[in-house]
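Chemist: Provided herewith: model-v4.tsv, TSV, C-alpha atoms.
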```tsv
chain	number	residue	atom	x	y	z
N	165	MET	CA	-32.89	-81.92	18.02
N	166	SER	CA	-29.42	-80.99	19.22
N	167	SER	CA	-28.24	-77.41	18.90
N	168	GLN	CA	-25.01	-78.78	17.49
N	169	VAL	CA	-26.78	-79.24	14.15
N	170	TYR	CA	-27.39	-75.50	13.93
N	171	GLU	CA	-24.09	-74.16	15.29
N	172	PRO	CA	-23.41	-71.38	12.78
N	173	SER	CA	-20.10	-69.59	12.48
N	174	PRO	CA	-19.77	-65.94	11.44
N	175	PRO	CA	-19.45	-65.60	7.64
N	176	ALA	CA	-16.69	-63.61	6.00
N	177	ARG	CA	-17.78	-60.05	5.20
N	178	GLU	CA	-17.41	-60.63	1.47
N	179	ASP	CA	-19.90	-63.53	1.68
N	180	ILE	CA	-22.90	-61.65	3.09
N	181	ALA	CA	-24.09	-59.39	0.28
N	182	VAL	CA	-27.84	-59.35	-0.35
N	183	VAL	CA	-28.83	-62.03	-2.86
N	184	ASP	CA	-32.32	-63.10	-3.92
N	185	ALA	CA	-33.90	-65.56	-6.32
N	186	ALA	CA	-34.06	-62.99	-9.12
N	187	GLY	CA	-30.35	-62.25	-8.83
N	188	ALA	CA	-30.67	-58.84	-7.16
N	189	GLY	CA	-27.76	-58.04	-4.91
N	190	GLY	CA	-25.70	-55.46	-3.12
N	191	PRO	CA	-24.20	-54.88	0.31
N	192	THR	CA	-26.27	-53.70	3.23
N	193	HIS	CA	-26.04	-49.95	3.69
N	194	PRO	CA	-23.39	-49.07	6.31
N	195	GLY	CA	-24.88	-47.86	9.57
N	196	SER	CA	-28.31	-49.36	8.97
N	197	SER	CA	-29.84	-51.89	11.33
N	198	ILE	CA	-32.41	-54.57	10.48
N	199	ARG	CA	-34.82	-55.42	13.30
N	200	VAL	CA	-35.39	-59.20	13.32
N	201	PHE	CA	-37.85	-61.38	15.26
N	202	MET	CA	-37.41	-65.18	15.34
N	203	ALA	CA	-40.21	-67.68	15.98
N	204	ASP	CA	-39.31	-71.36	16.20
N	205	ASP	CA	-40.12	-74.18	18.62
N	206	ASP	CA	-36.58	-75.64	18.38
N	207	ASP	CA	-34.65	-74.23	21.35
N	208	GLY	CA	-31.32	-75.31	19.85
N	209	PHE	CA	-32.03	-73.45	16.64
N	210	LEU	CA	-33.02	-70.29	18.51
N	211	ARG	CA	-29.95	-70.40	20.77
N	212	ALA	CA	-27.56	-70.90	17.88
N	213	TYR	CA	-28.97	-68.00	15.86
N	214	LYS	CA	-29.11	-65.68	18.88
N	215	LYS	CA	-25.34	-66.18	19.17
N	216	PHE	CA	-24.86	-65.77	15.43
N	217	PHE	CA	-26.91	-62.57	15.07
N	218	ALA	CA	-25.16	-61.07	18.11
N	219	LYS	CA	-21.98	-61.08	16.00
N	220	VAL	CA	-23.57	-59.41	12.94
N	221	PRO	CA	-23.34	-55.60	13.31
N	222	ASP	CA	-26.41	-54.65	11.28
N	223	ILE	CA	-28.82	-57.22	12.75
N	224	ASP	CA	-30.84	-56.30	15.85
N	225	LEU	CA	-32.69	-59.33	17.25
N	226	VAL	CA	-35.70	-57.70	18.94
N	227	GLY	CA	-37.50	-60.82	20.12
N	228	THR	CA	-38.03	-64.58	19.93
N	229	ALA	CA	-40.97	-66.94	20.41
N	230	ASP	CA	-41.45	-70.71	20.57
N	231	THR	CA	-45.18	-70.72	19.76
N	232	GLY	CA	-47.49	-68.91	17.35
N	233	LYS	CA	-49.85	-67.90	20.16
N	234	GLY	CA	-50.22	-64.13	20.45
N	235	MET	CA	-47.71	-63.61	17.66
N	236	VAL	CA	-49.45	-60.70	15.95
N	237	LYS	CA	-49.66	-58.72	19.20
N	238	ARG	CA	-45.98	-59.34	19.94
N	239	LEU	CA	-44.98	-58.26	16.44
N	240	ALA	CA	-47.14	-55.14	16.64
N	241	ALA	CA	-45.38	-54.24	19.90
N	242	SER	CA	-41.79	-54.96	18.80
N	243	GLU	CA	-42.18	-53.70	15.19
N	244	PRO	CA	-39.53	-55.91	13.53
N	245	ASP	CA	-38.55	-55.35	9.92
N	246	VAL	CA	-38.20	-59.07	9.23
N	247	LEU	CA	-39.76	-62.15	10.85
N	248	LEU	CA	-38.01	-65.54	10.63
N	249	LEU	CA	-40.93	-67.90	11.11
N	250	ASP	CA	-41.09	-71.68	11.46
N	251	ILE	CA	-43.93	-72.82	9.23
N	252	GLU	CA	-44.89	-75.63	11.64
N	253	MET	CA	-45.11	-73.68	14.89
N	254	PRO	CA	-47.28	-75.11	17.69
N	255	GLY	CA	-50.46	-73.18	18.32
N	256	PRO	CA	-51.32	-71.07	15.27
N	257	SER	CA	-49.11	-72.39	12.45
N	258	GLY	CA	-46.70	-70.26	10.48
N	259	ILE	CA	-49.25	-70.08	7.66
N	260	ASP	CA	-51.88	-68.82	10.13
N	261	VAL	CA	-49.46	-66.18	11.43
N	262	VAL	CA	-48.69	-64.91	7.90
N	263	ARG	CA	-52.42	-64.76	7.16
N	264	ASP	CA	-53.01	-62.77	10.36
N	265	LEU	CA	-50.19	-60.36	9.51
N	266	ARG	CA	-51.90	-59.68	6.19
N	267	ARG	CA	-55.31	-59.21	7.82
N	268	ASN	CA	-53.86	-56.76	10.35
N	269	SER	CA	-51.85	-54.89	7.69
N	270	LEU	CA	-48.57	-55.22	9.58
N	271	SER	CA	-45.55	-54.18	7.52
N	272	THR	CA	-43.22	-56.90	8.84
N	273	ARG	CA	-41.76	-58.98	6.01
N	274	THR	CA	-41.61	-62.73	6.58
N	275	VAL	CA	-39.08	-65.44	5.75
N	276	MET	CA	-40.60	-68.89	6.31
N	277	LEU	CA	-38.38	-71.67	7.67
N	278	THR	CA	-39.09	-75.39	7.56
N	279	SER	CA	-37.38	-78.72	8.07
N	280	PHE	CA	-39.37	-80.17	5.16
N	281	ASP	CA	-39.33	-79.29	1.47
N	282	HIS	CA	-43.11	-79.11	0.82
N	283	ASP	CA	-44.11	-77.16	-2.30
N	284	GLU	CA	-47.69	-76.71	-1.08
N	285	TYR	CA	-46.36	-74.78	1.92
N	286	VAL	CA	-44.39	-72.49	-0.38
N	287	HIS	CA	-47.47	-71.78	-2.49
N	288	GLU	CA	-49.77	-71.03	0.44
N	289	ALA	CA	-47.18	-68.92	2.28
N	290	LEU	CA	-46.57	-66.77	-0.80
N	291	ARG	CA	-50.29	-66.35	-1.41
N	292	PHE	CA	-50.59	-64.74	1.99
N	293	GLY	CA	-47.62	-62.43	1.53
N	294	ALA	CA	-44.49	-64.24	2.74
N	295	SER	CA	-41.36	-62.80	1.12
N	296	GLY	CA	-39.06	-65.79	1.47
N	297	PHE	CA	-38.99	-69.53	2.04
N	298	LEU	CA	-35.93	-71.49	3.20
N	299	LEU	CA	-35.10	-74.87	4.65
N	300	LYS	CA	-33.76	-74.66	8.20
N	301	SER	CA	-30.71	-76.54	6.95
N	302	ALA	CA	-29.76	-73.49	4.86
N	303	SER	CA	-26.40	-72.00	5.80
N	304	PRO	CA	-26.24	-68.98	8.11
N	305	VAL	CA	-24.94	-66.99	5.12
N	306	ARG	CA	-28.04	-67.93	3.10
N	307	ILE	CA	-30.42	-67.05	5.95
N	308	LEU	CA	-28.65	-63.74	6.51
N	309	SER	CA	-28.83	-63.00	2.77
N	310	ALA	CA	-32.56	-63.77	2.81
N	311	ILE	CA	-33.11	-61.33	5.70
N	312	ARG	CA	-31.26	-58.60	3.83
N	313	ALA	CA	-33.03	-59.37	0.56
N	314	VAL	CA	-36.57	-59.20	1.94
N	315	HIS	CA	-35.69	-56.11	3.99
N	316	ALA	CA	-34.66	-54.47	0.70
N	317	GLY	CA	-38.03	-55.38	-0.82
N	318	HIS	CA	-37.05	-58.49	-2.78
N	319	ALA	CA	-38.35	-62.04	-2.58
N	320	SER	CA	-35.91	-64.70	-1.44
N	321	LEU	CA	-36.48	-68.27	-2.59
N	322	ALA	CA	-34.00	-70.93	-3.53
N	323	LEU	CA	-33.93	-71.19	-7.32
N	324	ASP	CA	-34.93	-74.86	-7.32
N	325	VAL	CA	-37.92	-74.09	-5.08
N	326	THR	CA	-38.98	-71.24	-7.38
N	327	SER	CA	-38.77	-73.33	-10.55
N	328	ARG	CA	-40.73	-76.21	-8.99
N	329	LEU	CA	-43.38	-73.83	-7.66
N	330	PHE	CA	-43.97	-72.15	-11.02
N	331	GLY	CA	-43.89	-75.51	-12.79
N	332	ARG	CA	-46.51	-76.85	-10.37
N	333	LEU	CA	-48.74	-73.82	-10.85
N	334	SER	CA	-48.48	-73.83	-14.65
N	335	ALA	CA	-49.38	-77.53	-14.64
N	336	GLY	CA	-52.48	-76.80	-12.57
N	337	GLY	CA	-51.15	-78.57	-9.47
N	338	GLY	CA	-52.27	-77.79	-5.94
N	339	ALA	CA	-55.63	-77.25	-4.37
N	340	ALA	CA	-55.46	-73.48	-3.91
N	341	PRO	CA	-58.31	-71.61	-5.61
N	342	ALA	CA	-57.65	-69.28	-8.53
N	343	GLY	CA	-57.38	-65.61	-7.76
N	344	PRO	CA	-55.94	-63.77	-4.76
N	345	PRO	CA	-56.81	-64.97	-1.23
N	346	ASP	CA	-59.31	-62.17	-0.61
N	347	GLY	CA	-61.53	-63.45	-3.42
N	348	GLY	CA	-60.84	-60.77	-6.05
N	349	HIS	CA	-60.39	-61.48	-9.76
N	350	PRO	CA	-57.55	-59.36	-11.12
N	351	SER	CA	-57.42	-58.47	-14.79
N	352	PHE	CA	-53.95	-58.35	-16.33
N	353	THR	CA	-53.19	-56.21	-19.38
N	354	GLU	CA	-51.05	-57.58	-22.21
N	355	GLN	CA	-48.02	-55.58	-21.04
N	356	GLN	CA	-48.47	-56.74	-17.45
N	357	ILE	CA	-48.59	-60.36	-18.62
N	358	LYS	CA	-45.33	-59.88	-20.55
N	359	ILE	CA	-43.68	-58.47	-17.44
N	360	CYS	CA	-44.95	-61.33	-15.26
N	361	ARG	CA	-43.66	-63.91	-17.74
N	362	LEU	CA	-40.20	-62.35	-17.61
N	363	LEU	CA	-40.35	-62.21	-13.81
N	364	ALA	CA	-41.26	-65.90	-13.73
N	365	ALA	CA	-38.18	-66.61	-15.86
N	366	GLY	CA	-36.03	-64.89	-13.23
N	367	HIS	CA	-35.35	-61.61	-15.04
N	368	ARG	CA	-34.45	-58.45	-13.12
N	369	SER	CA	-35.90	-55.00	-13.82
N	370	GLN	CA	-33.07	-54.01	-16.14
N	371	ASP	CA	-33.43	-57.26	-18.11
N	372	ILE	CA	-37.16	-56.70	-18.50
N	373	ALA	CA	-36.53	-53.13	-19.62
N	374	ALA	CA	-34.12	-54.30	-22.33
N	375	GLU	CA	-36.45	-57.09	-23.49
N	376	LEU	CA	-39.50	-54.83	-23.76
N	377	HIS	CA	-37.61	-51.73	-24.97
N	378	LEU	CA	-38.60	-49.71	-21.92
N	379	SER	CA	-36.61	-47.65	-19.44
N	380	ASN	CA	-35.70	-49.24	-16.13
N	381	GLU	CA	-37.76	-46.59	-14.34
N	382	THR	CA	-40.80	-47.40	-16.50
N	383	VAL	CA	-40.55	-51.07	-15.53
N	384	ARG	CA	-40.28	-50.14	-11.85
N	385	THR	CA	-43.36	-47.93	-12.22
N	386	TYR	CA	-45.27	-50.81	-13.85
N	387	LEU	CA	-44.28	-53.11	-10.98
N	388	ARG	CA	-45.24	-50.59	-8.30
N	389	ARG	CA	-48.68	-50.10	-9.88
N	390	MET	CA	-49.15	-53.85	-10.29
N	391	PHE	CA	-48.33	-54.41	-6.61
N	392	GLU	CA	-51.02	-51.88	-5.71
N	393	LYS	CA	-53.58	-53.22	-8.20
N	394	PHE	CA	-53.25	-56.91	-7.32
N	395	GLY	CA	-52.26	-56.62	-3.66
N	396	ALA	CA	-48.92	-58.35	-4.28
N	397	LYS	CA	-46.31	-58.23	-1.52
N	398	ASN	CA	-43.32	-58.83	-3.80
N	399	ARG	CA	-42.37	-59.98	-7.30
N	400	THR	CA	-42.68	-63.69	-6.60
N	401	HIS	CA	-46.12	-63.17	-5.06
N	402	LEU	CA	-47.13	-61.18	-8.16
N	403	VAL	CA	-46.15	-64.09	-10.43
N	404	VAL	CA	-48.08	-66.53	-8.22
N	405	LEU	CA	-51.18	-64.33	-8.59
N	406	ALA	CA	-50.68	-64.20	-12.38
N	407	TYR	CA	-50.48	-68.00	-12.55
N	408	GLU	CA	-53.58	-68.34	-10.37
N	409	ALA	CA	-55.45	-65.90	-12.63
N	410	GLY	CA	-54.63	-68.20	-15.55
N	411	VAL	CA	-52.69	-65.67	-17.61
N	412	LEU	CA	-49.36	-67.51	-17.55
N	413	GLY	CA	-50.56	-71.07	-18.09
```
Rewrite the structure of this file - the entire thing - as C-alpha cells.
Modeler:
Amino acid sequence: MSSQVYEPSPPAREDIAVVDAAGAGGPTHPGSSIRVFMADDDDGFLRAYKKFFAKVPDIDLVGTADTGKGMVKRLAASEPDVLLLDIEMPGPSGIDVVRDLRRNSLSTRTVMLTSFDHDEYVHEALRFGASGFLLKSASPVRILSAIRAVHAGHASLALDVTSRLFGRLSAGGGAAPAGPPDGGHPSFTEQQIKICRLLAAGHRSQDIAAELHLSNETVRTYLRRMFEKFGAKNRTHLVVLAYEAGVLG
C-alpha cells in the first residue's frame, strides 16, 4: 500500500485534546512526554507516522517493529507508555502480543489498529486488556487523541464500535467463553451492576455519581476496587467482563 494514503499533516493545537469513547477529555499536561512504540507491517504507514510524531512535542517515539516476533522483549526493554499495534501482524498476531503483555504483567497500554472493521477482534482484544481499537484509516488527530486517552487511563473506542460491541455481547453473539480470560468467575454486587450499566451507556464518573446519588470520589473508589477485583484494564474492559458474566444481559 502506498504511503501516500497515510500522509498525515500536523493538527491544529486546539484539535488535539484527549477524547475517549466515554467523553472524557482535557489537554495533555504541559511538559509531559508520552513514550510510544509502533508495530505495523506496512512500511508506508510507519514512515508517515514517524514524520507526524516527530512534529508533536509531547510524543516520544521510542521504537518501531514490522513483526510481532520478540515483541514482549522489545517492549520490556524500551518501556513505552503506549503501544500502537497492528492486529494482523505477521508472526505472533496483535491479539497474541496483547495476551503476552497481560501474561508478563507489562504496564504498556495498547491501542489496536486494523484495516478491517471486525467486531470479534474488538471483543478479543479488550478481553486481553487492550485499551483502544481504531481503524488505520482514522485521522492522525483521532490516533493522537487515542494515545493521549489511554495514557491518561481511559479506553478509546469509536462510539459506533462500542455500541456494536455491547449490542453483540448482550445478544449473546461471539464465541468467547463467559468469564474473564484466566478462567475466574467474578461475582458482581447490585451496586457494581448499576455502575457497569451506566458505563455501558457511556456515562462518565460524574454522571454516574449524580444518577446513583454518590460523590464523584465514591464512584472512582468503586471503579478502582472493581478493576482490582475483576482484573479489568479499563472501563470498557470492565463492561465486557460484566456482559460475559451475564449480569448485563
Chemist: Would you compute, for all listed atoms of segment 293-302 of chain N, the axis-aligned bounding box grown by 8 Å on each side, and then report its centre and edge lengths in Å rounded to one decimal, as JSON?
Modeler:
```
{"center_x": -38.7, "center_y": -69.5, "center_z": 4.7, "size_x": 33.9, "size_y": 30.1, "size_z": 23.1}
```
Chemist: List every protein, DNA or RNA residue that has an atom no more than 6 Å from (-31.0, -57.9, 14.1) in the file's coordinate frame, counting all atoms listed in the file, and report them as a ChimeraX atom specification.
Modeler: /N:198-200,223-225
Chemist: Take the selection from the previous step and output its residues with C-alpha atoms, as an mmCIF file, keeping the file's coordinate frame.
Modeler:
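selection_19.cif written:
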```cif
data_model
loop_
_atom_site.group_PDB
_atom_site.id
_atom_site.type_symbol
_atom_site.label_atom_id
_atom_site.label_comp_id
_atom_site.auth_asym_id
_atom_site.auth_seq_id
_atom_site.Cartn_x
_atom_site.Cartn_y
_atom_site.Cartn_z
ATOM 1 C CA ILE N 198 -32.410 -54.570 10.480
ATOM 2 C CA ARG N 199 -34.820 -55.420 13.300
ATOM 3 C CA VAL N 200 -35.390 -59.200 13.320
ATOM 4 C CA ILE N 223 -28.820 -57.220 12.750
ATOM 5 C CA ASP N 224 -30.840 -56.300 15.850
ATOM 6 C CA LEU N 225 -32.690 -59.330 17.250
#
```
Chemist: Would you compute the distance between atom CA of Ala289 of chain N and atom CA of Ile259 of chain N? Give it in Å to one decimal.
Modeler: 5.9 Å
Chemist: Could you check how far atom CA of Ile251 of chain N sits from atom CA of Met276 of chain N, in Å to one decimal?
Modeler: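 One can read the atom CA of Ile251 of chain N to atom CA of Met276 of chain N distance as 5.9 Å.
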Chemist: Which residue is closest to Leu270 of chain N? Choose from N:Leu363, N:Lys397, N:Asp230, N:Leu248 and count all atoms listed in the file.
Modeler: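 Checking each candidate against Leu270 of chain N, we get N:Lys397 as the closest.
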